[in-house]
Amino acid sequence: MSVVGDLTFEQAVVLLAPETHAVNRNTFRTTFMSMPKTRTVVVPLGFLVAGLGLSAVSASAQLQKPVAELTPTVEQQAIQPGQTVTLVLGVELPENMHVQSDEPRDPFVIPTLLTFTLPEGVTVEEITYPESTDFLLEGWDEPLAVFEHEFTIAVRLALDADVSPGEIVVPGSLLYQACDDRVCFAPATAAVEWHLQVGPGEPR
């Protein structure tokens with residue numbers, strides 16, 4: 001027995017004869033009754049949309065990339081032109097995550113890399129990354145060289161002797177690839193800034 005329920009004539013045409021562009025209303029019932037006996041289930045569109053939306057949210061939550069929380073600090077409080085200054089970047093990821101080291105063993109993963117857009121009169125002398133640890137990812141033959149979910153990077157900057165007193169903003173960018181024990185996520189880039197307060201130089 002065919003079930004159409006309270007469908008209007010036009011709705012029944014769309015469901016049962018989607019390729020038909022014109023249907024004679026007077027002969028429709030005879031045509032309909034001669035069609036193969038099927039059972040048509042009508043699902044409200046809202047339920048379909050809601051179901052698809054929940055599935056998309058669930059998939060999005062599972063595939064969401066972990067985000068690194070960055071904490072920039074400056075070790076010296078009193079900075080003068082011509083001196084060196086040490087910047088520290090604290091990096092924190094969710095507890096079950098890690099990132100690739102600055103010198104990964106596998107050429108297909110992305111190294112953790114801190115870069116700068118330096119203002120005039122400032123140069124980078126050295127960037128010190130932490131010691132890496134070995135981590136065997138499921139399905140991989142060789143352990144990865146990684147940084148744990150909390151680590152710090154130290155940077156030594158040199159200021160020119162003629163740098164002007166006042167605030168100097170040092171912008172940086174951290175490139176990293178986070179992984180858990182089963183999968184590595186797509187690489188991400190996070191912006192960071194250090195603010196240096198440079199005092200007047202020693203009188204000559």
# chains A, B, ... in the order shown; residues from 1 in each chain; ligands from 1

$ residues_around --residues "Val85 in chain A" --least-positions-apart "3" --cutoff "12 Å" --atoms "only C-alpha atoms" --output "PyMOL selection string"
chain A and resi 73-82+88+122-126+154-160+170+194-198

$ residues_around --residues "Val109 in chain A" --least-positions-apart "5" --cutoff "8 Å" --atoms "only C-alpha atoms" --output "ChimeraX atom specification"
/A:100,104,177

$ select_by_dssp --residues "range 106-165 of chain A" --states "strand (DSSP E)" --output "number ranges by chain"
A: 113-116, 122-128, 133-135, 144-147, 150-159

$ residues_around --residues "Ile110 in chain A" --least-positions-apart "3" --cutoff "10 Å" --atoms "only C-alpha atoms" --output "PyMOL selection string"
chain A and resi 99-104+106-107+113+175-178+184+186-188

$ write_last_selection --atoms "N, CA and C atoms" --output "CSV table (one decimal), in the first residue's frame"
chain,number,residue,atom,x,y,z
A,99,VAL,N,54.9,19.1,20.0
A,99,VAL,CA,55.2,19.6,18.7
A,99,VAL,C,56.5,19.1,18.2
A,100,GLN,N,56.7,19.2,16.9
A,100,GLN,CA,58.0,18.7,16.3
A,100,GLN,C,59.1,19.7,16.8
A,101,SER,N,60.3,19.1,16.9
A,101,SER,CA,61.4,19.9,17.4
A,101,SER,C,61.9,20.9,16.3
A,102,ASP,N,62.9,21.7,16.6
A,102,ASP,CA,63.4,22.6,15.5
A,102,ASP,C,64.3,21.8,14.5
A,103,GLU,N,64.7,20.6,14.9
A,103,GLU,CA,65.5,19.7,14.0
A,103,GLU,C,64.8,18.3,13.9
A,104,PRO,N,63.7,18.2,13.3
A,104,PRO,CA,63.0,16.9,13.2
A,104,PRO,C,63.8,15.8,12.4
A,106,ASP,N,62.3,13.3,10.8
A,106,ASP,CA,61.5,13.0,9.6
A,106,ASP,C,61.4,14.2,8.7
A,107,PRO,N,61.7,14.1,7.4
A,107,PRO,CA,61.7,15.3,6.5
A,107,PRO,C,60.3,15.7,6.1
A,113,LEU,N,59.7,26.6,14.5
A,113,LEU,CA,60.6,27.6,14.1
A,113,LEU,C,60.1,29.0,14.6
A,175,LEU,N,56.1,29.0,14.1
A,175,LEU,CA,55.6,28.0,13.3
A,175,LEU,C,55.7,26.7,14.0
A,176,TYR,N,54.7,25.9,14.1
A,176,TYR,CA,54.7,24.6,14.8
A,176,TYR,C,53.7,23.6,14.2
A,177,GLN,N,54.0,22.4,14.5
A,177,GLN,CA,53.1,21.3,14.1
A,177,GLN,C,52.8,20.4,15.3
A,178,ALA,N,51.6,20.5,15.7
A,178,ALA,CA,51.2,19.7,16.9
A,178,ALA,C,50.8,18.3,16.6
A,184,CYS,N,49.3,13.7,13.4
A,184,CYS,CA,49.9,15.0,13.4
A,184,CYS,C,49.0,16.0,12.7
A,186,ALA,N,47.7,19.7,10.9
A,186,ALA,CA,48.3,20.6,10.0
A,186,ALA,C,49.1,21.7,10.7
A,187,PRO,N,50.2,22.2,10.1
A,187,PRO,CA,51.0,23.2,10.7
A,187,PRO,C,50.2,24.5,11.0
A,188,ALA,N,50.7,25.2,12.0
A,188,ALA,CA,50.0,26.5,12.4
A,188,ALA,C,51.1,27.5,12.7

$ residues_around --residues "Asp181 in chain A" --least-positions-apart "5" --cutoff "10 Å" --atoms "only C-alpha atoms" --output "count of residues only"
7

$ closest_residue --among "A:Glu142, A:Glu95, A:Glu150, A:Glu131" --to "Thr71 in chain A" --atoms "only C-alpha atoms"
A:Glu150

$ select_by_dssp --residues "range 38-203 of chain A" --states "alpha helix (DSSP H)" --output "list in words"
Leu45, Gly46, Phe47, Leu48, Val49, Ala50, Gly51, Leu52, Gly53, Leu54, Ser55, Ala56, Val57, Ser58, Ala59, Ser60, Ala61, Gln62 and Leu63 of chain A

$ decode --residues "range 122-149 of chain A" --atoms "N, CA and C atoms" --output "tab-separated table (two decimals), in the first residue's frame"
chain	number	residue	atom	x	y	z
A	122	VAL	N	68.28	46.45	15.84
A	122	VAL	CA	68.18	45.23	16.65
A	122	VAL	C	68.55	44.03	15.78
A	123	THR	N	69.39	43.15	16.31
A	123	THR	CA	69.78	41.94	15.59
A	123	THR	C	69.64	40.73	16.53
A	124	VAL	N	69.44	39.57	15.93
A	124	VAL	CA	69.37	38.32	16.70
A	124	VAL	C	70.76	37.69	16.74
A	125	GLU	N	71.26	37.45	17.94
A	125	GLU	CA	72.56	36.79	18.07
A	125	GLU	C	72.42	35.28	18.19
A	126	GLU	N	71.39	34.83	18.89
A	126	GLU	CA	71.24	33.39	19.11
A	126	GLU	C	69.81	33.05	19.50
A	127	ILE	N	69.33	31.92	18.99
A	127	ILE	CA	68.04	31.35	19.40
A	127	ILE	C	68.31	29.97	19.98
A	128	THR	N	67.87	29.75	21.21
A	128	THR	CA	68.12	28.48	21.90
A	128	THR	C	66.80	27.74	22.10
A	129	TYR	N	66.68	26.60	21.42
A	129	TYR	CA	65.50	25.76	21.58
A	129	TYR	C	65.77	24.72	22.67
A	130	PRO	N	64.73	24.15	23.27
A	130	PRO	CA	64.96	23.13	24.31
A	130	PRO	C	65.47	21.82	23.71
A	131	GLU	N	65.95	20.96	24.58
A	131	GLU	CA	66.34	19.62	24.14
A	131	GLU	C	65.08	18.85	23.75
A	132	SER	N	65.17	18.12	22.66
A	132	SER	CA	64.02	17.34	22.21
A	132	SER	C	63.98	16.00	22.93
A	133	THR	N	62.80	15.38	22.90
A	133	THR	CA	62.63	14.04	23.43
A	133	THR	C	62.10	13.14	22.31
A	134	ASP	N	62.29	11.83	22.49
A	134	ASP	CA	61.83	10.88	21.50
A	134	ASP	C	60.36	10.51	21.76
A	135	PHE	N	59.60	10.45	20.68
A	135	PHE	CA	58.19	10.05	20.79
A	135	PHE	C	57.85	9.18	19.59
A	136	LEU	N	57.36	7.96	19.87
A	136	LEU	CA	57.01	7.02	18.81
A	136	LEU	C	55.54	7.17	18.49
A	137	LEU	N	55.25	7.71	17.31
A	137	LEU	CA	53.87	7.88	16.85
A	137	LEU	C	53.35	6.55	16.35
A	138	GLU	N	52.09	6.25	16.64
A	138	GLU	CA	51.49	4.99	16.23
A	138	GLU	C	51.61	4.80	14.72
A	139	GLY	N	52.18	3.68	14.31
A	139	GLY	CA	52.33	3.35	12.91
A	139	GLY	C	53.62	3.83	12.28
A	140	TRP	N	54.47	4.53	13.05
A	140	TRP	CA	55.75	5.02	12.53
A	140	TRP	C	56.86	4.11	12.99
A	141	ASP	N	57.89	3.95	12.14
A	141	ASP	CA	59.01	3.06	12.47
A	141	ASP	C	60.04	3.73	13.36
A	142	GLU	N	60.26	5.01	13.16
A	142	GLU	CA	61.30	5.73	13.90
A	142	GLU	C	60.66	6.78	14.81
A	143	PRO	N	61.15	6.92	16.04
A	143	PRO	CA	60.58	7.93	16.93
A	143	PRO	C	60.82	9.34	16.42
A	144	LEU	N	59.87	10.22	16.69
A	144	LEU	CA	59.99	11.62	16.31
A	144	LEU	C	60.74	12.39	17.39
A	145	ALA	N	61.47	13.42	16.97
A	145	ALA	CA	62.11	14.33	17.91
A	145	ALA	C	61.14	15.46	18.19
A	146	VAL	N	60.65	15.54	19.43
A	146	VAL	CA	59.56	16.47	19.73
A	146	VAL	C	59.88	17.31	20.96
A	147	PHE	N	59.11	18.39	21.12
A	147	PHE	CA	59.07	19.16	22.35
A	147	PHE	C	57.76	18.81	23.06
A	148	GLU	N	57.83	18.66	24.38
A	148	GLU	CA	56.63	18.33	25.15
A	148	GLU	C	55.64	19.49	25.13
A	149	HIS	N	54.48	19.30	25.75
A	149	HIS	CA	53.40	20.27	25.63
A	149	HIS	C	53.70	21.61	26.28
